[in-house]
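**Q** Next up, data_39.cif (mmCIF, C-alpha atoms).
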data_data
#
loop_
_atom_site.label_atom_id
_atom_site.label_comp_id
_atom_site.auth_asym_id
_atom_site.auth_seq_id
_atom_site.Cartn_x
_atom_site.Cartn_y
_atom_site.Cartn_z
CA MET S 261 0.00 0.00 0.00
CA GLU S 262 2.68 2.45 0.94
CA LYS S 263 6.16 2.77 -0.38
CA GLY S 264 7.37 2.98 3.22
CA THR S 265 9.36 -0.22 3.51
CA ALA S 266 11.75 0.64 0.73
CA MET S 267 12.14 4.17 2.06
CA GLU S 268 12.59 3.36 5.70
CA LYS S 269 15.88 1.60 5.10
CA GLY S 270 18.19 2.71 2.38
CA TRP S 271 20.65 5.09 3.98
CA GLU S 272 22.54 4.87 0.72
CA LYS S 273 19.75 7.01 -0.74
CA ALA S 274 20.58 9.81 1.65
CA TRP S 275 23.59 11.22 -0.19
CA PRO S 276 22.06 11.59 -3.67
CA ALA S 277 18.98 13.11 -2.05
CA LEU S 278 21.14 15.66 -0.21
CA ARG S 279 22.82 16.66 -3.45
CA ALA S 280 19.43 17.03 -5.13
CA ALA S 281 17.89 18.94 -2.22
CA PHE S 282 20.66 21.42 -1.48
CA PRO S 283 20.16 23.69 -4.54
CA TYR S 284 16.51 24.20 -3.54
CA THR S 285 17.63 25.52 -0.16
CA VAL S 286 20.28 28.00 -1.34
CA PRO S 287 17.86 30.97 -1.20
CA ILE S 288 16.89 29.92 2.33
CA LEU S 289 20.56 29.61 3.24
CA THR S 290 21.00 33.26 2.29
CA GLY S 291 17.80 34.45 3.91
CA PHE S 292 17.95 32.41 7.11
CA LEU S 293 21.62 33.12 7.81
CA PHE S 294 20.95 36.82 7.41
CA LEU S 295 17.68 36.89 9.34
CA GLY S 296 19.02 34.45 11.94
CA ILE S 297 22.03 36.67 12.53
CA GLY S 298 19.64 39.60 12.86
CA TYR S 299 17.61 37.64 15.39
CA GLY S 300 20.70 36.73 17.41
CA ILE S 301 21.85 40.34 17.45
CA PHE S 302 18.37 41.52 18.44
CA ALA S 303 18.04 39.03 21.32
CA HIS S 304 21.48 39.87 22.62
CA SER S 305 20.85 43.61 22.34
CA MET S 306 17.72 43.19 24.48
CA GLY S 307 19.92 41.87 27.25
CA LEU S 308 19.30 38.14 26.90
CA PRO S 309 22.26 35.81 27.51
CA LYS S 310 24.13 34.61 24.42
CA TRP S 311 22.86 31.04 24.56
CA LEU S 312 19.16 31.96 24.54
CA ALA S 313 18.70 32.99 20.88
CA PRO S 314 20.23 29.81 19.42
CA PHE S 315 18.42 27.78 22.09
CA MET S 316 15.06 29.26 21.09
CA ALA S 317 15.92 28.91 17.40
CA ALA S 318 16.66 25.21 17.94
CA THR S 319 13.62 24.45 20.10
CA ILE S 320 10.82 26.73 18.84
CA PHE S 321 12.06 27.07 15.24
CA GLY S 322 9.45 29.61 14.17
CA GLY S 323 10.88 32.96 13.20
CA SER S 324 8.15 35.44 14.06
CA LEU S 325 7.27 33.79 17.37
CA GLU S 326 10.94 33.75 18.38
CA PHE S 327 11.12 37.52 18.06
CA ILE S 328 8.02 37.81 20.21
CA ALA S 329 9.42 35.29 22.70
CA VAL S 330 12.29 37.70 23.34
CA THR S 331 9.81 40.32 24.54
CA LEU S 332 7.91 37.69 26.55
CA LEU S 333 11.11 36.81 28.38
CA LEU S 334 11.57 40.44 29.36
CA ALA S 335 7.98 40.86 30.59
CA PRO S 336 6.50 39.47 33.84
CA PHE S 337 6.20 35.67 33.95
CA ASN S 338 2.97 34.58 32.24
CA PRO S 339 3.13 31.06 30.79
CA VAL S 340 -0.57 30.89 29.84
CA GLN S 341 -0.26 34.03 27.77
CA ALA S 342 2.86 32.61 26.12
CA LEU S 343 0.99 29.44 25.16
CA ILE S 344 -2.06 31.24 23.77
CA LEU S 345 0.09 33.70 21.83
CA SER S 346 2.07 30.80 20.34
CA LEU S 347 -1.08 28.98 19.25
CA VAL S 348 -2.45 32.13 17.62
CA ILE S 349 0.76 33.11 15.84
CA GLN S 350 1.43 29.58 14.62
CA ALA S 351 -2.14 28.65 13.67
CA ARG S 352 -1.22 28.77 9.97
CA HIS S 353 0.75 25.52 10.50
CA LEU S 354 -2.61 23.75 10.77
CA PHE S 355 -3.18 24.66 7.12
CA TYR S 356 0.28 23.44 6.16
CA GLY S 357 -0.33 20.12 7.90
CA ILE S 358 -3.64 19.57 6.13
CA SER S 359 -1.94 20.34 2.80
CA MET S 360 0.93 17.94 3.52
CA LEU S 361 -1.06 14.92 4.78
CA ASP S 362 -0.63 13.19 1.42
CA LYS S 363 2.87 14.27 0.55
CA TYR S 364 4.34 13.17 3.89
CA LYS S 365 2.66 9.76 3.68
CA GLY S 366 4.97 6.79 3.49
CA THR S 367 8.05 8.62 4.70
CA GLY S 368 8.46 6.32 7.72
CA TRP S 369 10.54 7.58 10.64
CA LYS S 370 11.38 10.75 8.73
CA LYS S 371 7.80 11.95 9.07
CA VAL S 372 8.28 13.08 12.68
CA PHE S 373 11.11 15.34 11.59
CA LEU S 374 9.17 16.61 8.58
CA ILE S 375 6.31 17.61 10.89
CA HIS S 376 8.50 18.94 13.69
CA LEU S 377 10.58 21.16 11.38
CA MET S 378 7.75 22.46 9.17
CA CYS S 379 8.39 26.20 9.03
CA ASP S 380 6.84 28.46 6.36
CA GLU S 381 9.80 28.04 4.03
CA SER S 382 10.12 24.26 4.33
CA PHE S 383 6.40 23.90 3.77
CA ALA S 384 6.51 26.11 0.69
CA ILE S 385 9.48 24.32 -0.86
CA ASN S 386 8.41 20.81 0.08
CA TYR S 387 4.94 21.45 -1.27
CA THR S 388 6.05 22.85 -4.64
CA ALA S 389 9.38 21.15 -5.38
CA GLU S 390 9.13 18.15 -7.68
CA VAL S 391 11.24 15.32 -6.35
CA PRO S 392 13.79 14.64 -9.13
CA ALA S 393 13.62 11.25 -10.85
CA GLY S 394 15.55 8.53 -9.09
CA ILE S 395 15.73 10.46 -5.83
CA ASP S 396 14.12 9.11 -2.65
CA LYS S 397 11.16 11.32 -1.71
CA GLY S 398 11.49 10.91 2.04
CA TRP S 399 15.17 11.81 2.11
CA PHE S 400 14.69 14.70 -0.30
CA LEU S 401 11.96 16.30 1.86
CA LEU S 402 13.89 15.56 5.04
CA TRP S 403 17.07 17.20 3.76
CA ILE S 404 15.22 20.35 2.73
CA SER S 405 13.67 20.55 6.21
CA LEU S 406 16.93 19.76 8.02
CA LEU S 407 19.05 22.12 5.93
CA ASN S 408 16.62 25.00 6.47
CA TYR S 409 16.61 24.26 10.20
CA SER S 410 20.39 24.21 10.38
CA TYR S 411 20.64 27.55 8.53
CA TRP S 412 18.33 29.26 10.98
CA VAL S 413 19.99 27.87 14.11
CA THR S 414 23.46 28.63 12.75
CA GLY S 415 22.46 32.18 11.88
CA SER S 416 21.02 32.93 15.30
CA PHE S 417 24.10 31.39 16.94
CA LEU S 418 26.45 33.57 14.87
CA GLY S 419 24.35 36.67 15.52
CA SER S 420 24.25 36.25 19.28
CA GLN S 421 27.92 35.27 19.64
CA PHE S 422 29.48 37.82 17.33
CA SER S 423 26.94 40.63 17.39
CA THR S 424 29.57 43.36 17.54
CA LEU S 425 31.65 41.97 14.67
CA LEU S 426 28.82 41.53 12.19
CA GLN S 427 28.06 44.97 10.87
CA PHE S 428 28.03 44.75 7.09
CA ASN S 429 25.79 46.85 4.94
CA LEU S 430 23.31 44.13 4.11
CA LYS S 431 20.25 46.32 4.41
CA GLY S 432 17.43 44.79 2.39
CA LEU S 433 18.83 41.26 2.17
CA GLY S 434 15.89 39.95 4.20
CA PHE S 435 13.73 40.78 1.18
CA ILE S 436 14.87 37.45 -0.27
CA MET S 437 12.18 35.74 1.84
CA THR S 438 9.52 37.96 0.25
CA THR S 439 10.79 37.08 -3.24
CA LEU S 440 10.79 33.40 -2.25
CA PHE S 441 7.10 33.40 -1.36
CA ALA S 442 6.28 35.61 -4.36
CA VAL S 443 7.98 33.17 -6.73
CA ILE S 444 6.33 30.16 -5.09
CA PHE S 445 2.97 31.88 -5.29
CA LEU S 446 3.60 32.65 -8.96
CA GLU S 447 4.66 29.07 -9.71
CA GLN S 448 1.48 27.80 -8.13
CA TRP S 449 -0.55 30.38 -10.08
CA LEU S 450 1.01 29.32 -13.41
CA LYS S 451 0.43 25.66 -12.61
CA GLU S 452 -3.23 25.74 -11.53
CA ASP S 453 -6.14 25.93 -13.93
CA GLN S 454 -8.27 28.28 -11.84
CA HIS S 455 -7.26 30.99 -9.41
CA VAL S 456 -10.18 31.08 -7.01
CA SER S 457 -8.22 29.97 -3.96
CA ALA S 458 -5.25 32.23 -4.72
CA SER S 459 -7.57 35.20 -5.21
CA VAL S 460 -9.47 34.42 -2.01
CA GLY S 461 -6.13 34.22 -0.18
CA PHE S 462 -5.03 37.58 -1.50
CA ALA S 463 -8.31 39.37 -0.94
CA ALA S 464 -8.75 38.01 2.59
CA SER S 465 -5.15 38.81 3.58
CA LEU S 466 -5.14 42.33 2.14
CA GLY S 467 -8.60 43.06 3.49
CA CYS S 468 -7.74 41.86 6.98
CA LEU S 469 -4.43 43.71 6.89
CA ALA S 470 -6.29 46.93 6.08
CA VAL S 471 -8.93 46.36 8.75
CA PHE S 472 -7.02 44.72 11.61
CA GLY S 473 -3.47 45.99 11.05
CA ALA S 474 -0.14 44.20 10.73
CA GLN S 475 -0.14 42.66 14.20
CA ARG S 476 -3.62 41.15 14.17
CA PHE S 477 -4.53 40.28 10.59
CA MET S 478 -3.35 36.67 10.45
CA ILE S 479 -6.12 34.88 12.37
CA PRO S 480 -9.08 36.71 10.77
CA ALA S 481 -7.47 36.11 7.36
CA LEU S 482 -7.11 32.38 8.07
CA VAL S 483 -10.72 32.18 9.28
CA ILE S 484 -12.08 33.99 6.21
CA ILE S 485 -10.00 31.87 3.82
CA LEU S 486 -11.31 28.72 5.49
CA ALA S 487 -14.91 29.96 5.46
CA VAL S 488 -14.92 31.11 1.84
CA LEU S 489 -13.23 27.96 0.55
CA THR S 490 -15.71 25.88 2.53
CA ILE S 491 -18.64 27.75 0.96
CA LEU S 492 -17.09 27.36 -2.51
CA ARG S 493 -16.45 23.64 -2.07
CA LYS S 494 -19.33 22.41 -4.26
CA PRO S 495 -18.65 24.65 -7.30
CA LEU S 496 -14.87 24.24 -7.04
CA GLN S 497 -15.06 20.47 -6.85
CA ARG S 498 -17.55 20.31 -9.68
CA GLN S 499 -15.41 22.56 -11.86
CA GLY S 500 -12.12 20.92 -10.91
CA GLY S 501 -13.50 17.46 -11.58
CA ARG S 502 -10.72 15.09 -12.46
CA GLY S 503 -8.12 17.83 -12.84
CA GLN S 504 -6.83 19.64 -9.86
CA PHE S 505 -9.21 18.27 -7.30
CA MET X 73 16.17 40.51 33.78
CA ASP X 74 13.47 39.65 36.26
CA MET X 75 12.54 36.09 35.39
CA THR X 76 14.41 33.23 36.99
CA LEU X 77 16.07 30.70 34.72
CA MET X 78 13.28 28.24 35.47
CA GLN X 79 10.62 30.78 34.50
CA GLN X 80 12.47 31.52 31.28
CA LEU X 81 12.61 27.85 30.42
CA VAL X 82 8.90 27.42 31.18
CA THR X 83 8.07 30.40 28.94
CA ILE X 84 10.13 28.95 26.09
CA ALA X 85 8.56 25.52 26.68
CA MET X 86 5.10 27.10 26.26
CA CYS X 87 6.19 28.61 22.93
CA VAL X 88 7.49 25.21 21.84
CA LEU X 89 4.28 23.50 22.97
CA GLY X 90 2.06 25.98 21.12
CA THR X 91 4.15 25.76 17.95
CA MET X 92 4.39 21.98 17.90
CA ALA X 93 0.68 21.56 18.65
CA THR X 94 -0.12 23.47 15.46
CA ARG X 95 2.38 21.37 13.49
CA TYR X 96 1.35 17.94 14.79
CA ILE X 97 -2.44 18.25 15.20
CA PRO X 98 -3.43 17.67 11.53
CA PHE X 99 -1.26 14.56 11.33
CA LEU X 100 -2.59 13.21 14.64
CA LEU X 101 -6.22 13.89 13.68
CA PHE X 102 -5.89 12.32 10.24
CA PRO X 103 -3.47 9.38 10.48
CA PRO X 104 -2.52 7.58 7.23
CA GLY X 105 -4.27 4.37 8.31
CA LYS X 106 -7.69 6.03 8.40
CA GLN X 107 -9.64 7.52 5.50
CA THR X 108 -9.20 11.29 5.60
CA PRO X 109 -12.62 13.00 5.34
CA PRO X 110 -13.28 14.31 1.80
CA TYR X 111 -13.71 17.83 3.17
CA VAL X 112 -10.19 17.76 4.64
CA GLN X 113 -8.79 16.30 1.42
CA TYR X 114 -10.46 19.14 -0.47
CA LEU X 115 -8.94 21.69 1.92
CA GLY X 116 -5.52 20.11 1.45
CA LYS X 117 -5.80 20.78 -2.27
CA VAL X 118 -7.19 24.31 -2.24
CA LEU X 119 -5.51 25.80 0.82
CA PRO X 120 -1.91 26.06 -0.50
CA SER X 121 -2.70 28.69 -3.16
CA ALA X 122 -4.50 30.84 -0.59
CA VAL X 123 -1.76 30.32 1.99
CA PHE X 124 1.01 31.32 -0.44
CA ALA X 125 -0.89 34.55 -1.09
CA LEU X 126 -1.18 35.04 2.67
CA LEU X 127 2.57 34.52 3.10
CA VAL X 128 3.37 37.14 0.45
CA VAL X 129 1.10 39.63 2.22
CA TYR X 130 2.61 38.61 5.56
CA CYS X 131 6.10 39.47 4.31
CA LEU X 132 4.87 42.88 3.17
CA LYS X 133 2.70 43.61 6.20
CA ASP X 134 4.98 46.31 7.60
CA VAL X 135 5.30 48.21 4.31
CA SER X 136 3.47 51.52 4.63
CA LEU X 137 1.92 53.04 1.54
CA THR X 138 1.62 56.39 3.25
CA ALA X 139 5.18 56.57 4.60
CA GLU X 140 8.01 58.31 2.78
CA LEU X 141 8.81 55.47 0.36
CA HIS X 142 5.18 54.43 -0.34
CA GLY X 143 6.29 50.83 -0.80
CA ILE X 144 7.93 51.77 -4.11
CA PRO X 145 11.15 49.72 -3.62
CA GLU X 146 9.09 46.65 -2.68
CA ALA X 147 6.76 47.08 -5.66
CA LEU X 148 9.61 47.60 -8.15
CA ALA X 149 11.57 44.62 -6.85
CA LEU X 150 8.52 42.36 -6.90
CA VAL X 151 7.59 43.40 -10.45
CA VAL X 152 11.12 42.57 -11.61
CA THR X 153 11.01 39.25 -9.73
CA GLY X 154 7.64 38.37 -11.23
CA VAL X 155 8.38 39.39 -14.85
CA LEU X 156 11.74 37.64 -14.81
CA HIS X 157 10.15 34.54 -13.36
CA VAL X 158 7.37 34.32 -15.92
CA TRP X 159 9.99 34.85 -18.64
CA ARG X 160 12.74 32.46 -17.51
CA ARG X 161 11.05 30.27 -14.86
CA GLN X 162 14.30 30.03 -12.89
CA MET X 163 13.50 30.41 -9.24
CA PHE X 164 16.91 31.43 -7.95
CA LEU X 165 17.53 33.89 -10.78
CA SER X 166 14.20 35.66 -10.16
CA MET X 167 14.80 35.82 -6.42
CA ALA X 168 18.40 37.01 -6.71
CA ALA X 169 17.50 39.74 -9.21
CA GLY X 170 14.59 41.00 -7.11
CA THR X 171 16.56 40.96 -3.87
CA ILE X 172 19.66 42.64 -5.31
CA LEU X 173 17.52 45.33 -6.92
CA TYR X 174 15.74 45.87 -3.62
CA MET X 175 19.04 46.15 -1.73
CA VAL X 176 20.40 48.65 -4.24
CA LEU X 177 17.18 50.68 -4.05
CA VAL X 178 17.00 50.90 -0.26
CA GLN X 179 20.72 51.56 0.08
CA THR X 180 21.02 54.23 -2.64
CA VAL X 181 18.03 55.79 -4.40
CA PHE X 182 15.66 55.34 -1.48
CA ALA X 183 18.20 55.46 1.33
CA GLY X 184 16.52 57.00 4.33
#
Would you kindly transcribe this structure into C-alpha cells?

**A**
Amino acid sequence: MEKGTAMEKGWEKAWPALRAAFPYTVPILTGFLFLGIGYGIFAHSMGLPKWLAPFMAATIFGGSLEFIAVTLLLAPFNPVQALILSLVIQARHLFYGISMLDKYKGTGWKKVFLIHLMCDESFAINYTAEVPAGIDKGWFLLWISLLNYSYWVTGSFLGSQFSTLLQFNLKGLGFIMTTLFAVIFLEQWLKEDQHVSASVGFAASLGCLAVFGAQRFMIPALVIILAVLTILRKPLQRQGGRGQF
Amino acid sequence: MDMTLMQQLVTIAMCVLGTMATRYIPFLLFPPGKQTPPYVQYLGKVLPSAVFALLVVYCLKDVSLTAELHGIPEALALVVTGVLHVWRRQMFLSMAAGTILYMVLVQTVFAG
C-alpha cells in the first residue's frame, strides 16, 4: 500500500537526495543566515544571555514567534499568555499540515522530523518542489527541512555570539524571503487551472491587513479563507472534476 | 532581567508546545491508516494557493503606503522578480534579481 518499507531503510539514498535537495535551499541559506544573525543580534541587544537565541531557534524554530518570545522573556512571567500567543501566531501551521497529509505519507521515521521542522519556508518548498527522478522522496523532503533548520539555528548562533563583529551593509537582504514566497505563489498560479483559492487568499489577507493591522490580521485572514473555501467547495469540486481536485 | 532561569525555560517551553501543537495536530487527527474525510482532502488541495498569497502579504505587512517610500522599492523589486520569473522560470535567478535590486534601491536611491 505504501512505499514505506523501501524508504525506511536505504541510507545509501541519503547522499544523492542531499545533493538534489541542497540547490533548492540556497535561497533559504542566504535568507535564514541573514535573518538568523539579525535575530541573534536583536536578542542579545535586548539583554538576553548569548545562549538563549540559538536555544530558542533550535527548540521553537518559528521565526516570528521567536522575536516575540524575546519580549515575553523580558515581561512578567505569564506562561498561559505565552501558550495562547504561540497557538495564535502559529495557527497557519494547521493549514500546512492539512496540505501535507498526502505528501508526507509513506516517509516512515522521517515523518516526525518533517512535521516537527515544518516552518513556512520548508512547507513552501516541500509542497512545490518536484522530487527529481531517481531520488528518494522521504530523504529529499527531510534534507530540505533539516538544511533549512540548520541555517536558521546557525544564523542565530552567529548573531548572538558575534553581534559586535557583524556589521556589514546588508540592508534589504531579508527581502529574499519575500521574493521566495512571491515566486512560489507565482509558480502555483502558473500551474493551476483556476485561481479562485489564490484570489481568495489575496483578498482576505489584504482586506484583513487593512482592517485589523499588521499585528492582528493573520487569524481573521485564516478564518475567512477557510470559510470562503468551505462555501465554494461544491462549485470548485464540480469545476475541478478530475483535474486539480 | 526579572525572570528566573526556570521561569524563562517554562516560557520557552510554552512557545514550543504551542508551535508543535499546530504542526502535529493535523497529522494526529488524520493518520494515514484512516480515511481522511473528503472535506479535509479538499482543503488540502485548495488551501496552499491561498496560503502562499497570505505569506506574500505577511512578508509585506509592515510596508506603509503612506510613509516616505510608499512601498515603491518593494513594488519595483517584486515586479522585476515576477516578470523575470514568468519569462525564464528560474527560481533562484528571479529571487536574486529582485533581492539585489531591492538592496540597491533601499541603500542608494531610497536610502533614508

**Q** Selection in question (the file shown): the PyMOL selection byres ((chain S) within 7 of (chain X)). Which residues does it include, as a ChimeraX atom specification?

**A** /S:287,319-320,333-334,337,339,342-343,346-347,350-351,353-355,357-359,361,365,375-376,378,431-433,435-436,438-443,445,448,457-458,460-462,465-466,474,505

**Q** Figure out the distance between atom CA of S:Leu278 and atom CA of X:Leu165, please, to one decimal in Å.

**A**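 Computed distance, atom CA of X:Leu165 to atom CA of S:Leu278, equals 21.4 Å.
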
**Q** Kindly give the distance, in Å, that separates atom CA of S:Trp399 and atom CA of S:Trp271, rounded to a single decimal.

**A** 8.9 Å

**Q** Please compute the atom CA of S:Val456-atom CA of S:Lys494 distance, one decimal, in Å.

**A**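 Here the two named atoms are 12.9 Å from each other.
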
**Q** Go through the shown structure with the PyMOL selection byres ((chain S and resi 379-387) around 7) and write out the matching residues as a list in words.

**A**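 Output of the PyMOL selection byres ((chain S and resi 379-387) around 7): Gly322, Tyr356, Leu377, Met378, Thr388, Ala389, Leu401, Ile404, Ser405 and Asn408 of chain S.
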
**Q** Of the candidates S:Leu446, S:Met360, S:Ala329, S:Leu486, which one gets nearest to S:Leu345 if we count all atoms listed in the file?

**A**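 Among the listed residues, the smallest separation from S:Leu345 belongs to S:Ala329.
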
**Q** Translate the PyMOL selection byres ((chain S and resi 312) around 10) into a concrete residue list for this structure, as a compact mmCIF listing (two decimals) with C-alpha atoms, in the frame of the given file.

**A**
# COMPACT_ATOMS: atom_id res chain seq x y z
CA GLY S 300 20.70 36.73 17.41
CA ALA S 303 18.04 39.03 21.32
CA HIS S 304 21.48 39.87 22.62
CA LEU S 308 19.30 38.14 26.90
CA PRO S 309 22.26 35.81 27.51
CA LYS S 310 24.13 34.61 24.42
CA TRP S 311 22.86 31.04 24.56
CA ALA S 313 18.70 32.99 20.88
CA PRO S 314 20.23 29.81 19.42
CA PHE S 315 18.42 27.78 22.09
CA MET S 316 15.06 29.26 21.09
CA ALA S 317 15.92 28.91 17.40
CA ALA S 318 16.66 25.21 17.94
CA VAL S 330 12.29 37.70 23.34
CA SER S 416 21.02 32.93 15.30
CA PHE S 417 24.10 31.39 16.94
CA SER S 420 24.25 36.25 19.28
CA GLN X 80 12.47 31.52 31.28
CA LEU X 81 12.61 27.85 30.42
CA ILE X 84 10.13 28.95 26.09

**Q** Check the smallest atom-to-atom distance from each of S:Leu406, S:Val348, S:Leu425, S:Leu489 to S:Phe477 using only C-alpha atoms, then report the winner.

**A**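 Ranked by minimum distance to S:Phe477, first place goes to S:Val348.
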
**Q** Find the residues near S:Ala274: any atom within 9 Å, counting all atoms listed in the file, skip ones fewer than 5 places away on the same chain, and give them as a list in words.

**A**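 Near neighbours after the sequence-gap exclusion: Arg279, Ile395, Asp396, Trp399, Phe400 and Trp403 of chain S.
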
**Q** Regenerate stretch 136-160 of chain X at the level of N, CA and C atoms and dump it as a CSV table (one decimal), in the coordinates of the input.

**A**
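As written to disk, selection-v5.csv reads:
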chain,number,residue,atom,x,y,z
X,136,SER,N,4.5,50.5,4.5
X,136,SER,CA,3.5,51.5,4.6
X,136,SER,C,3.4,52.3,3.3
X,137,LEU,N,2.1,52.3,2.8
X,137,LEU,CA,1.9,53.0,1.5
X,137,LEU,C,1.9,54.5,1.7
X,138,THR,N,1.7,55.0,3.0
X,138,THR,CA,1.6,56.4,3.2
X,138,THR,C,3.0,57.0,3.7
X,139,ALA,N,3.9,56.1,4.1
X,139,ALA,CA,5.2,56.6,4.6
X,139,ALA,C,6.0,57.1,3.4
X,140,GLU,N,7.2,57.6,3.7
X,140,GLU,CA,8.0,58.3,2.8
X,140,GLU,C,8.2,57.5,1.5
X,141,LEU,N,8.5,56.2,1.6
X,141,LEU,CA,8.8,55.5,0.4
X,141,LEU,C,7.6,54.9,-0.4
X,142,HIS,N,6.4,54.9,0.3
X,142,HIS,CA,5.2,54.4,-0.3
X,142,HIS,C,5.3,53.0,-0.8
X,143,GLY,N,6.2,52.2,-0.3
X,143,GLY,CA,6.3,50.8,-0.8
X,143,GLY,C,6.8,50.7,-2.2
X,144,ILE,N,7.4,51.8,-2.7
X,144,ILE,CA,7.9,51.8,-4.1
X,144,ILE,C,9.1,50.7,-4.3
X,145,PRO,N,10.1,50.7,-3.4
X,145,PRO,CA,11.2,49.7,-3.6
X,145,PRO,C,10.6,48.3,-3.6
X,146,GLU,N,9.7,48.0,-2.7
X,146,GLU,CA,9.1,46.6,-2.7
X,146,GLU,C,8.4,46.3,-4.0
X,147,ALA,N,7.5,47.3,-4.4
X,147,ALA,CA,6.8,47.1,-5.7
X,147,ALA,C,7.7,46.9,-6.9
X,148,LEU,N,8.7,47.7,-7.0
X,148,LEU,CA,9.6,47.6,-8.2
X,148,LEU,C,10.3,46.2,-8.1
X,149,ALA,N,10.8,45.9,-7.0
X,149,ALA,CA,11.6,44.6,-6.8
X,149,ALA,C,10.7,43.4,-7.1
X,150,LEU,N,9.4,43.5,-6.7
X,150,LEU,CA,8.5,42.4,-6.9
X,150,LEU,C,8.1,42.3,-8.4
X,151,VAL,N,7.9,43.4,-9.0
X,151,VAL,CA,7.6,43.4,-10.4
X,151,VAL,C,8.7,42.8,-11.2
X,152,VAL,N,10.0,43.2,-10.9
X,152,VAL,CA,11.1,42.6,-11.6
X,152,VAL,C,11.2,41.1,-11.3
X,153,THR,N,11.0,40.7,-10.1
X,153,THR,CA,11.0,39.2,-9.7
X,153,THR,C,10.0,38.5,-10.5
X,154,GLY,N,8.8,39.1,-10.6
X,154,GLY,CA,7.6,38.4,-11.2
X,154,GLY,C,7.8,38.3,-12.7
X,155,VAL,N,8.2,39.4,-13.4
X,155,VAL,CA,8.4,39.4,-14.8
X,155,VAL,C,9.5,38.4,-15.2
X,156,LEU,N,10.6,38.5,-14.5
X,156,LEU,CA,11.7,37.6,-14.8
X,156,LEU,C,11.3,36.2,-14.6
X,157,HIS,N,10.5,35.9,-13.6
X,157,HIS,CA,10.2,34.5,-13.4
X,157,HIS,C,9.2,34.0,-14.4
X,158,VAL,N,8.3,34.8,-14.9
X,158,VAL,CA,7.4,34.3,-15.9
X,158,VAL,C,8.2,34.1,-17.2
X,159,TRP,N,9.2,34.9,-17.4
X,159,TRP,CA,10.0,34.8,-18.6
X,159,TRP,C,10.9,33.6,-18.6
X,160,ARG,N,11.7,33.5,-17.5
X,160,ARG,CA,12.7,32.5,-17.5
X,160,ARG,C,12.4,31.2,-16.7
